[in-house]
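Notes follow once the structure below has been shown.
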Amino acid sequence: MSFAQLRQRLPGSKVDTALDAAVRAARPALGTALVFSLFINILGLTGPLYMMQVYDRVLSSRNIATLVVLTVLIAILYAVCAGLESLRTRLLVRAGLKFDEEINDHAFDAVQRASLRKASASHVQALRDTDTVRDFFTGGGLVSLCDLPWVPIYILFATLLSPWYGLLAVISCLISGALAYANDRATRKLLDQATKANIAANSQATTTFRNAEVLQAMGMVPNLRKRWISSHGEALNWHAVASDRGGTLMAATRFNRMFMQSLILGLGAYLAINREITPGMMIAASIIVGRCIQPIEMAIGNWKAIVNMRSAHGRVQELLRAVPPPAARMRLPDPQGHVQVENLIAHAPGTEFPVLRGVNFALPAGHVLGIIGPSAAGKSSLARILVGVWPVTAGSVRLDGSDLRHWDPEQLGAHLGYLPQDVELFAGTIADNICRFGVRDDAQIVAAAQMAGTHEMIQRLPAGYNTDIGENGASLSGGQRQRIALARALYGMPALIVLDEPNASLDAAGEQALNVAVQALKKAGRTVILITHKTNNLGLCDLVLLLNEGSVHGFGPRDEVIAKLLGPRLVQPGAMPPGAPAAAKA
Ligand SMILES: Nc1ncnc2c1ncn2[C@@H]1O[C@H](COP(=O)(O)OP(=O)(O)OP(=O)(O)O)[C@@H](O)[C@H]1O
């Protein structure tokens, strides 16, 4: 058992996440960069040493040959140093890429899981946050942190020149370190707050502009602008306070550096007058003591990036811990479409009140079930549970006898068709949307479109199946979107197809196409669940389930349920428009 595994088993210890694994994957490259930094810092002594030799040896001896040799030597050492710096940069870039490669799919999946729990544009921030952490690998902040452990080399060398220089180097490092610490204490929380407020303002803007047409039509722009300006202003205020405090500390750091530089020269002059050091040593020492505080100053200069990286890391970690990945599932035999729901109790994610209470029904493969009921009865909630989008609180939902939780979502997804009430299409071509952005199988795409009665409509578009439909299918009409979403649900003839009000935006031809599609699915042995307010669709159903306030108020063969329904009216007036099946009219 590794130390990391052992640590995780200790009480109170936090679970290792994909982020920890990604950082671990980048660690070997970081370790090598640290070793490179050691040599870079040792080579950093060559400049001061050269000056020392020129002042103390060449000038006094007037020896040109020594000057030439020293100059050639330093050129070589500088070239080696430049080579090492370039290699270090490459290593850090690779470390960043390795980190990204390890984390990106986990971060994407975590955003998806979080969005299922609570729809919010702010979850996507996790993807930007992983970019922030990755970018830190290639920024000046990490280079300064790599140089920091090697500061003692300069302190040691300064001490060798004179113990007074050593002392001065230690004092200047302590002052710079204290200023860096004070900077962190003074600004970290403020910068965190600023970032949080910024994320909230951006997320608000994103969701606001999604409804740009409503904003424009009803003159809501000024009101929503005011709301955004207030959240944006909050972020600006936090930033301003952090910058005020950080600016004061930066000024103190600059004062420390300038004063120390003068102090080093003054000390050098004093030591040289007392003949304790040579003028060459004086020049070399002033550079070396300056180099001691350089990484600390660089770290302070990059403090915002360091703080941003740390908060971004914290946010990604929090998200990954809040929505841990599901356990690996066994691959089960492909489903036939037999659905069993037993004593189902379910909540909308993050809510207290159950939307479904004690739902029971069984639907044999190859049958069509119609789900009816008044608004807010829980029909769409049941649809989400049947396709595994919402979790089950108690009871079970089984497909071919296996609990939905036991199915691998990717395997299951290929055998499920789902048309949600709010049709959601993605930016891309019609073909991409129908084949679910998977491997493009033209024959299956056309077959699904034909089945959804949308093939001719697509052919009439200028680029046919290659028409780019824009964000959420913005360039299509409501009916076109619904038909393409229906084709996507039918793609690959899944075993179970759940259609939530599939005819909400359809014209008579669309309704006819839908009826033909459901009949064809049934003939092919597919199971169809049809949620509808229009009872004329019930003619297609073998079974009907009547939901009201989250409970089943009737389930059985279509004609029986409808006959019962026409006794006490449980559905809202208007929920049973003309066109109900014969049994309903009887
Ligand atoms: N994402 C959600 N978060 C919280 N509550 C929700 C969510 N979605 C639905 N609900 C609640 O669940 C209940 C059932 O809603 P649902 O959408 O399932 O009804 P429905 O029968 O499909 O209604 P309609 O016919 O109007 O579409 C409602 O009270 C609704 O407020």
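Simple scheme: letters A, B, ... for chains in structure tokens order, numbers from 1 for residues in each chain, numbers from 1 for ligands in the order shown.
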
Point to revise | Contacts to ligand 1 at 9 Å cut-off (only C-alpha atoms and all ligand atoms) as a ChimeraX atom specification | key: /A:116-119,347-351,353-356,372-384,421,500-501,531-533,547-550

Review point. Of the candidates A:Leu59, A:Asn104, A:Ala95, A:Pro149, which one gets nearest to Leu34 in chain A if we count only C-alpha atoms?
Key: A:Pro149

**Study point:** Residues flagged strand (DSSP E) by DSSP in range 314-375 of chain A, as a ChimeraX atom specification
**Key:** /A:339-347,354-363,368-372

Practice item. Can you work out the spacing between CA of Thr130 in chain A and CA of Ala312 in chain A in Å, to one decimal? Key: 7.1 Å

Check your understanding: Could you work out how far CA of Asp129 in chain A lies from CA of Arg315 in chain A, giving the answer in Å with one decimal?
Key ->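 These atoms are spaced 7.5 Å apart.
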
Practice item. Write out as an MDAnalysis selection string the residues lying within 9 Å of Ile385 in chain A, counting only C-alpha atoms and excluding same-chain residues fewer than 6 positions away. Key: chainID A and resid 346 391:392 397

Filtering to C-alpha atoms, could you give me those residues as a PDB file, in the first residue's frame?
```
ATOM      1  CA  ALA A 346     -37.616  10.649  -6.097  1.00  0.00           C
ATOM      2  CA  PRO A 391     -31.190   9.735  -9.103  1.00  0.00           C
ATOM      3  CA  VAL A 392     -33.692   7.541  -7.328  1.00  0.00           C
ATOM      4  CA  VAL A 397     -36.038   1.520 -11.703  1.00  0.00           C
TER       5      VAL A 397
END
```

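The closest residue to Val561 in chain A, picked from A:Asn223, A:Leu73, A:Ile445, A:Leu369 and counting only C-alpha atoms, is A:Leu369.
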
Check your understanding: Separation of CA of His553 in chain A and CA of Leu506 in chain A, in Å?
Key ->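 Separation between CA of His553 in chain A and CA of Leu506 in chain A: 28.5 Å.
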
Exercise for review: Might you pull out every residue within 7 Å of range 182-188 of chain A, with only C-alpha atoms counted and same-chain residues fewer than 5 positions away left off, and present them as a VMD selection string?
Suggested key: chain A and resid 242 245 to 246 249 307

Take the residues that were just selected and, keeping C-alpha atoms, output them as a tab-separated table (two decimals), in the first residue's frame.
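Output contents, as saved in selection_27.tsv:
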```tsv
chain	number	residue	atom	x	y	z
A	242	ALA	CA	-6.70	43.97	-2.76
A	245	ARG	CA	-3.09	46.70	0.05
A	246	GLY	CA	-0.88	44.80	-2.41
A	249	LEU	CA	3.42	46.13	0.14
A	307	VAL	CA	-3.13	33.25	-5.50
```

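Using only C-alpha atoms, the nearest neighbour of Leu319 in chain A within the list A:Leu67, A:Leu156, A:Val528, A:Val124 is A:Val124.
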